[in-house]
>>> print(open('input27.cif').read())   # mmCIF, C-alpha atoms
data_final
#
loop_
_atom_site.label_atom_id
_atom_site.label_comp_id
_atom_site.auth_asym_id
_atom_site.auth_seq_id
_atom_site.Cartn_x
_atom_site.Cartn_y
_atom_site.Cartn_z
CA MET A 247 -5.21 -15.55 8.39
CA ARG A 248 -3.39 -15.61 11.72
CA PRO A 249 -5.61 -15.80 14.84
CA LEU A 250 -6.48 -12.39 16.31
CA LEU A 251 -4.58 -11.39 19.42
CA THR A 252 -6.32 -9.70 22.29
CA ARG A 253 -6.76 -5.96 21.89
CA ARG A 254 -4.13 -5.09 24.51
CA ILE A 255 -1.46 -7.46 23.20
CA ALA A 256 -2.21 -6.56 19.61
CA SER A 257 -2.04 -2.85 20.28
CA THR A 258 1.31 -3.30 21.98
CA VAL A 259 2.71 -5.27 19.07
CA LEU A 260 1.46 -2.69 16.60
CA LEU A 261 2.91 0.17 18.63
CA ILE A 262 6.28 -1.59 18.82
CA ALA A 263 6.26 -2.00 15.06
CA VAL A 264 5.28 1.61 14.41
CA LEU A 265 7.93 2.97 16.77
CA GLY A 266 10.57 0.91 15.06
CA LEU A 267 11.51 -1.15 18.11
CA LEU A 268 11.53 -4.19 15.86
CA PRO A 269 13.69 -4.13 12.70
CA ALA A 270 12.05 -1.71 10.27
CA GLY A 271 10.26 -3.54 7.49
CA LEU A 272 10.39 -6.93 9.19
CA ALA A 273 7.95 -6.45 12.08
CA GLU A 274 4.86 -8.61 12.40
CA GLY A 275 1.70 -8.21 14.42
CA ALA A 276 -2.09 -8.05 14.44
CA ALA A 277 -4.73 -6.03 16.23
CA ALA A 278 -8.48 -6.20 16.63
CA ARG A 279 -10.72 -3.41 15.34
CA SER A 280 -14.49 -3.48 15.58
CA GLY A 281 -14.48 -7.23 15.03
CA ARG A 282 -12.05 -6.92 12.09
CA SER A 283 -8.30 -7.12 11.86
CA PHE A 284 -5.66 -4.51 11.12
CA PHE A 285 -4.10 -7.32 9.10
CA VAL A 286 -6.09 -8.95 6.34
CA SER A 287 -5.49 -12.11 4.33
CA GLY A 288 -7.48 -12.53 1.15
CA PRO A 289 -8.15 -11.20 -2.33
CA GLY A 290 -8.08 -7.49 -3.11
CA PHE A 291 -8.11 -5.16 -6.08
CA ASP A 292 -7.16 -1.65 -7.08
CA THR A 293 -8.58 0.50 -9.86
CA CYS A 294 -7.57 3.88 -11.21
CA GLU A 295 -10.60 6.03 -10.43
CA THR A 296 -12.58 5.75 -7.22
CA PRO A 297 -15.70 3.64 -7.93
CA THR A 298 -19.12 4.84 -6.88
CA VAL A 299 -20.50 3.74 -3.53
CA GLU A 300 -23.16 1.81 -5.45
CA THR A 301 -20.52 -0.05 -7.46
CA MET A 302 -18.67 -1.00 -4.30
CA GLN A 303 -21.92 -2.32 -2.83
CA ALA A 304 -22.56 -4.37 -5.97
CA TRP A 305 -19.04 -5.77 -5.76
CA ARG A 306 -19.74 -7.26 -2.36
CA GLU A 307 -20.81 -10.22 -4.50
CA SER A 308 -17.18 -10.54 -5.64
CA PRO A 309 -14.49 -12.58 -3.87
CA TYR A 310 -12.63 -9.35 -3.05
CA LYS A 311 -12.63 -7.76 0.39
CA VAL A 312 -9.82 -5.17 0.16
CA VAL A 313 -9.66 -2.20 -2.22
CA GLY A 314 -6.68 -0.02 -3.08
CA ILE A 315 -7.61 3.68 -3.12
CA TYR A 316 -5.48 6.47 -4.59
CA VAL A 317 -5.34 9.05 -1.82
CA ALA A 318 -2.48 11.37 -2.73
CA GLY A 319 0.32 12.19 -5.13
CA ASP A 320 0.65 14.56 -8.07
CA ASN A 321 1.56 11.63 -10.33
CA ARG A 322 -1.80 9.88 -9.97
CA ALA A 323 -3.25 8.92 -13.34
CA CYS A 324 -6.74 9.47 -11.92
CA LYS A 325 -7.51 12.20 -9.41
CA SER A 326 -9.98 10.24 -7.26
CA THR A 327 -12.66 12.91 -7.45
CA ARG A 328 -15.20 10.74 -5.59
CA LEU A 329 -12.84 9.94 -2.73
CA THR A 330 -14.15 11.70 0.38
CA ARG A 331 -14.50 10.86 4.04
CA ASP A 332 -18.17 10.09 3.43
CA TRP A 333 -17.18 7.66 0.66
CA VAL A 334 -14.70 5.86 2.92
CA THR A 335 -17.26 5.69 5.72
CA ALA A 336 -19.96 4.28 3.46
CA VAL A 337 -17.70 1.72 1.80
CA HIS A 338 -16.17 0.68 5.12
CA ASP A 339 -19.69 0.12 6.46
CA GLN A 340 -20.30 -2.20 3.50
CA GLY A 341 -17.48 -4.39 4.86
CA TRP A 342 -14.48 -3.30 2.77
CA ASP A 343 -10.93 -2.77 3.99
CA PHE A 344 -8.53 -0.34 2.33
CA LEU A 345 -5.00 0.00 1.00
CA PRO A 346 -4.47 3.79 0.83
CA ILE A 347 -1.98 4.63 -1.97
CA GLN A 348 0.17 7.65 -2.81
CA VAL A 349 1.61 8.09 -6.32
CA GLY A 350 4.13 10.81 -5.58
CA LEU A 351 7.56 11.68 -6.93
CA GLN A 352 9.09 8.95 -9.04
CA ALA A 353 12.66 7.76 -9.62
CA PRO A 354 14.90 10.10 -11.64
CA CYS A 355 15.34 7.19 -14.07
CA SER A 356 11.69 6.09 -13.98
CA GLN A 357 10.43 4.02 -16.89
CA SER A 358 6.98 5.61 -16.53
CA ARG A 359 5.78 8.82 -18.15
CA LYS A 360 4.89 10.36 -14.82
CA PRO A 361 6.41 13.87 -14.80
CA GLY A 362 7.22 14.44 -11.12
CA ARG A 363 10.68 13.08 -10.32
CA ILE A 364 12.89 12.86 -7.25
CA ASP A 365 15.76 15.38 -7.12
CA PRO A 366 18.76 13.33 -5.92
CA ALA A 367 20.11 16.35 -4.04
CA GLN A 368 16.86 16.70 -2.09
CA ALA A 369 15.62 13.11 -1.99
CA ALA A 370 15.37 12.76 1.79
CA GLY A 371 13.61 16.09 2.26
CA GLN A 372 11.20 15.27 -0.53
CA GLY A 373 10.48 11.92 1.08
CA VAL A 374 9.53 13.64 4.35
CA ALA A 375 7.28 16.13 2.56
CA GLU A 376 5.51 13.37 0.63
CA ALA A 377 5.02 11.36 3.82
CA ASP A 378 3.44 14.33 5.59
CA ASP A 379 1.10 14.90 2.66
CA MET A 380 0.06 11.25 2.61
CA VAL A 381 -0.58 11.06 6.35
CA ASP A 382 -2.46 14.37 6.34
CA ARG A 383 -4.70 13.31 3.45
CA SER A 384 -5.29 9.86 4.93
CA THR A 385 -6.19 11.38 8.28
CA ALA A 386 -8.64 13.75 6.59
CA LEU A 387 -10.36 10.69 5.09
CA GLY A 388 -10.77 9.19 8.55
CA PHE A 389 -7.83 6.78 8.72
CA ARG A 390 -6.33 6.56 12.18
CA ARG A 391 -2.87 6.00 13.63
CA GLY A 392 -1.79 2.43 13.01
CA SER A 393 -3.07 2.50 9.43
CA ALA A 394 -0.84 1.21 6.67
CA VAL A 395 -0.28 3.72 3.87
CA TRP A 396 1.47 2.78 0.65
CA PHE A 397 3.86 4.66 -1.64
CA ASP A 398 3.70 3.67 -5.32
CA MET A 399 7.13 3.74 -7.01
CA GLU A 400 6.81 2.68 -10.63
CA ALA A 401 9.52 0.60 -12.34
CA TYR A 402 12.88 2.27 -12.93
CA ASP A 403 16.36 1.42 -14.21
CA ASN A 404 18.09 0.25 -11.06
CA THR A 405 21.33 -0.42 -12.92
CA ASP A 406 21.79 3.37 -12.60
CA ALA A 407 23.60 3.59 -9.25
CA ALA A 408 22.91 7.29 -8.66
CA CYS A 409 19.23 6.82 -9.41
CA ARG A 410 19.01 3.77 -7.14
CA THR A 411 20.61 5.74 -4.27
CA ALA A 412 18.18 8.62 -4.75
CA VAL A 413 15.22 6.25 -4.59
CA LEU A 414 16.48 4.56 -1.45
CA ASP A 415 17.20 7.92 0.22
CA PHE A 416 13.66 9.00 -0.61
CA VAL A 417 11.99 5.76 0.49
CA SER A 418 13.94 5.58 3.75
CA ALA A 419 13.00 9.15 4.67
CA TRP A 420 9.38 8.59 3.63
CA SER A 421 9.16 5.42 5.74
CA ASP A 422 10.74 7.03 8.79
CA ARG A 423 8.42 10.02 8.63
CA VAL A 424 5.31 7.84 8.19
CA ARG A 425 6.32 5.89 11.29
CA GLU A 426 7.01 9.11 13.22
CA ARG A 427 3.43 10.13 12.45
CA GLY A 428 2.15 6.84 13.89
CA PHE A 429 1.29 5.09 10.62
CA VAL A 430 2.70 1.94 9.02
CA ALA A 431 4.95 2.45 5.99
CA GLY A 432 4.01 0.31 2.99
CA TYR A 433 5.84 0.33 -0.33
CA TYR A 434 4.61 -0.74 -3.76
CA SER A 435 7.01 -1.28 -6.65
CA SER A 436 8.11 -3.64 -9.35
CA LEU A 437 9.79 -6.79 -8.16
CA ASP A 438 12.78 -6.16 -10.41
CA SER A 439 13.51 -2.56 -9.40
CA GLY A 440 12.06 -0.90 -6.31
CA VAL A 441 11.42 -4.09 -4.38
CA ALA A 442 14.76 -5.64 -5.36
CA ASP A 443 16.53 -2.53 -4.06
CA VAL A 444 14.85 -2.48 -0.65
CA VAL A 445 15.53 -6.21 -0.28
CA GLN A 446 19.20 -5.43 -0.82
CA ALA A 447 18.96 -2.59 1.71
CA VAL A 448 17.71 -4.80 4.56
CA GLY A 449 20.11 -4.39 7.47
CA SER A 450 21.92 -1.40 6.02
CA ARG A 451 19.30 1.37 6.10
CA SER A 452 15.73 2.12 7.13
CA ILE A 453 13.19 0.34 4.94
CA PRO A 454 9.38 0.09 4.72
CA ASP A 455 7.33 -2.03 7.13
CA ALA A 456 5.33 -3.79 4.42
CA ILE A 457 5.88 -4.65 0.75
CA TRP A 458 3.45 -4.70 -2.17
CA TYR A 459 5.21 -6.27 -5.13
CA ALA A 460 4.09 -6.22 -8.74
CA ARG A 461 4.65 -9.53 -10.51
CA TRP A 462 1.98 -10.37 -13.05
CA ASP A 463 2.34 -14.13 -12.95
CA ASP A 464 -1.34 -14.95 -12.23
CA LYS A 465 -0.37 -16.60 -8.95
CA ALA A 466 -2.56 -15.34 -6.11
CA VAL A 467 0.04 -15.97 -3.41
CA THR A 468 2.28 -13.83 -1.21
CA SER A 469 4.84 -16.47 -0.30
CA GLY A 470 6.32 -19.65 -1.69
CA ASP A 471 6.79 -18.12 -5.13
CA GLY A 472 10.42 -17.11 -4.66
CA ALA A 473 9.57 -13.44 -5.04
CA LEU A 474 10.86 -12.37 -1.62
CA PRO A 475 13.25 -13.93 0.88
CA ASP A 476 11.26 -16.02 3.34
CA GLY A 477 12.33 -14.00 6.39
CA HIS A 478 11.45 -10.58 5.00
CA TRP A 479 8.04 -8.92 5.56
CA HIS A 480 6.37 -12.21 6.45
CA GLY A 481 2.70 -11.44 7.05
CA SER A 482 3.17 -7.91 5.69
CA ARG A 483 2.94 -8.49 1.96
CA VAL A 484 0.67 -7.75 -0.97
CA HIS A 485 1.21 -9.32 -4.38
CA GLN A 486 -0.24 -7.64 -7.46
CA TYR A 487 -0.45 -10.74 -9.61
CA SER A 488 -2.54 -9.60 -12.59
CA GLY A 489 -3.38 -6.27 -14.17
CA ASN A 490 -5.79 -4.50 -16.47
CA VAL A 491 -8.46 -7.19 -16.25
CA THR A 492 -12.20 -6.55 -16.58
CA GLU A 493 -14.68 -8.11 -14.17
CA THR A 494 -18.39 -7.68 -13.54
CA TYR A 495 -20.31 -8.24 -10.29
CA GLY A 496 -23.82 -7.16 -9.44
CA GLY A 497 -24.18 -5.71 -12.92
CA ARG A 498 -21.23 -3.32 -12.40
CA THR A 499 -18.08 -3.64 -14.53
CA MET A 500 -14.60 -2.37 -13.64
CA SER A 501 -11.08 -2.66 -15.00
CA ILE A 502 -8.88 -3.69 -12.09
CA ASP A 503 -5.54 -5.03 -10.98
CA ARG A 504 -5.82 -8.18 -8.87
CA ASN A 505 -3.95 -8.51 -5.59
CA ALA A 506 -3.34 -11.20 -3.01
CA VAL A 507 -3.26 -9.51 0.41
CA ASP A 508 -1.56 -10.78 3.54
CA GLY A 509 -0.70 -7.62 5.38
CA PRO A 510 -1.72 -4.40 7.11
CA VAL A 511 -4.64 -2.23 5.96
CA GLY A 512 -6.11 1.13 6.84
CA VAL A 513 -7.59 1.60 10.31
CA PHE A 514 -10.89 3.46 10.19
#
>>> encode(input="input27.cif", output="structure tokens")
Amino acid sequence: MRPLLTRRIASTVLLIAVLGLLPAGLAEGAAARSGRSFFVSGPGFDTCETPTVETMQAWRESPYKVVGIYVAGDNRACKSTRLTRDWVTAVHDQGWDFLPIQVGLQAPCSQSRKPGRIDPAQAAGQGVAEADDMVDRSTALGFRRGSAVWFDMEAYDNTDAACRTAVLDFVSAWSDRVRERGFVAGYYSSLDSGVADVVQAVGSRSIPDAIWYARWDDKAVTSGDGALPDGHWHGSRVHQYSGNVTETYGGRTMSIDRNAVDGPVGVF
């Protein structure tokens, strides 16, 4: 984990990144928050349905310190019925950090069964609408400006040029709108489709500030594995390296995806 900067310097760096004064998607920085960092390095997990507060307390015995929470999106497999501002407050007080996730409209050529799809003719406008929904819902949960929020784009056939363009139009508009609202734009996708396409888009269009790549290789690393070019999103990465595994801590069992985190989290 990089050393914490002073609050003033860190806030300036974060503001520069959010306003896009550094190249979108490639900015780095850190900021102090109540003795914790906006940027976290360490193990994390995500799970479909929001766990109980008691389960999260029991899992303080685990090596994990960051949890992915499904905040928004009509394509969520689980509707996060327990996820409230009180839940976030209680779990934050236990010592957890958060990766807020939106599972919204998917690629027109998505390989998932999720029904909501991007309309290529309206991709940019849909991206803006989804971004507003994500920021509004995250704010209602207590997350503040400077928080990283993450869009989940499941794997798709990126050999389809029209589909690839629609996804990039959507993601660019989503990222721009998230930044306009004062949040940090994070993007989750498969290494071979969504992530590959934004890597190719570096320098030619607006891209997310942080990348969360799915590559189930059981390597708990975010660099040195050849997944991403060394100069891209350094210090702003999450690697989902294993999925659908069952673990038990404090007598509480969950099915989770494992993640290595070296990037921005929610600010609460």
>>> resolve_selection(input="input27.cif", expression="the PyMOL selection byres ((chain A and resi 447-463) around 6)", output="PDB file with C-alpha atoms, in the coordinates of the input")
ATOM      1  CA  ALA A 270      12.050  -1.710  10.270  1.00  0.00           C
ATOM      2  CA  GLY A 271      10.260  -3.540   7.490  1.00  0.00           C
ATOM      3  CA  SER A 418      13.940   5.580   3.750  1.00  0.00           C
ATOM      4  CA  SER A 421       9.160   5.420   5.740  1.00  0.00           C
ATOM      5  CA  ALA A 431       4.950   2.450   5.990  1.00  0.00           C
ATOM      6  CA  GLY A 432       4.010   0.310   2.990  1.00  0.00           C
ATOM      7  CA  TYR A 433       5.840   0.330  -0.330  1.00  0.00           C
ATOM      8  CA  TYR A 434       4.610  -0.740  -3.760  1.00  0.00           C
ATOM      9  CA  SER A 435       7.010  -1.280  -6.650  1.00  0.00           C
ATOM     10  CA  SER A 436       8.110  -3.640  -9.350  1.00  0.00           C
ATOM     11  CA  LEU A 437       9.790  -6.790  -8.160  1.00  0.00           C
ATOM     12  CA  VAL A 444      14.850  -2.480  -0.650  1.00  0.00           C
ATOM     13  CA  VAL A 445      15.530  -6.210  -0.280  1.00  0.00           C
ATOM     14  CA  GLN A 446      19.200  -5.430  -0.820  1.00  0.00           C
ATOM     15  CA  ASP A 464      -1.340 -14.950 -12.230  1.00  0.00           C
ATOM     16  CA  LYS A 465      -0.370 -16.600  -8.950  1.00  0.00           C
ATOM     17  CA  TRP A 479       8.040  -8.920   5.560  1.00  0.00           C
ATOM     18  CA  SER A 482       3.170  -7.910   5.690  1.00  0.00           C
ATOM     19  CA  ARG A 483       2.940  -8.490   1.960  1.00  0.00           C
ATOM     20  CA  VAL A 484       0.670  -7.750  -0.970  1.00  0.00           C
ATOM     21  CA  HIS A 485       1.210  -9.320  -4.380  1.00  0.00           C
ATOM     22  CA  GLN A 486      -0.240  -7.640  -7.460  1.00  0.00           C
ATOM     23  CA  TYR A 487      -0.450 -10.740  -9.610  1.00  0.00           C
ATOM     24  CA  SER A 488      -2.540  -9.600 -12.590  1.00  0.00           C
TER      25      SER A 488
END
>>> residues_around(input="input27.cif", residues="A:Ser326", least_positions_apart="5", cutoff="8 Å", atoms="all atoms listed in the file", output="PyMOL selection string")
chain A and resi 294-296+316-317
>>> atom_distance(input="input27.cif", atom1="atom CA of A:Asp406", atom2="atom CA of A:Ala367")
15.6 Å
>>> residues_around(input="input27.cif", residues="A:Arg328", least_positions_apart="5", cutoff="8 Å", atoms="only C-alpha atoms", output="ChimeraX atom specification")
/A:296-298,333
>>> resolve_selection(input="input27.cif", expression="the PyMOL selection byres ((chain A and resi 395) around 7)", output="PDB file with C-alpha atoms, keeping the file's coordinate frame")
ATOM      1  CA  LEU A 345      -5.000   0.000   1.000  1.00  0.00           C
ATOM      2  CA  PRO A 346      -4.470   3.790   0.830  1.00  0.00           C
ATOM      3  CA  ILE A 347      -1.980   4.630  -1.970  1.00  0.00           C
ATOM      4  CA  SER A 393      -3.070   2.500   9.430  1.00  0.00           C
ATOM      5  CA  ALA A 394      -0.840   1.210   6.670  1.00  0.00           C
ATOM      6  CA  TRP A 396       1.470   2.780   0.650  1.00  0.00           C
ATOM      7  CA  PHE A 397       3.860   4.660  -1.640  1.00  0.00           C
ATOM      8  CA  VAL A 430       2.700   1.940   9.020  1.00  0.00           C
ATOM      9  CA  ALA A 431       4.950   2.450   5.990  1.00  0.00           C
ATOM     10  CA  GLY A 432       4.010   0.310   2.990  1.00  0.00           C
TER      11      GLY A 432
END
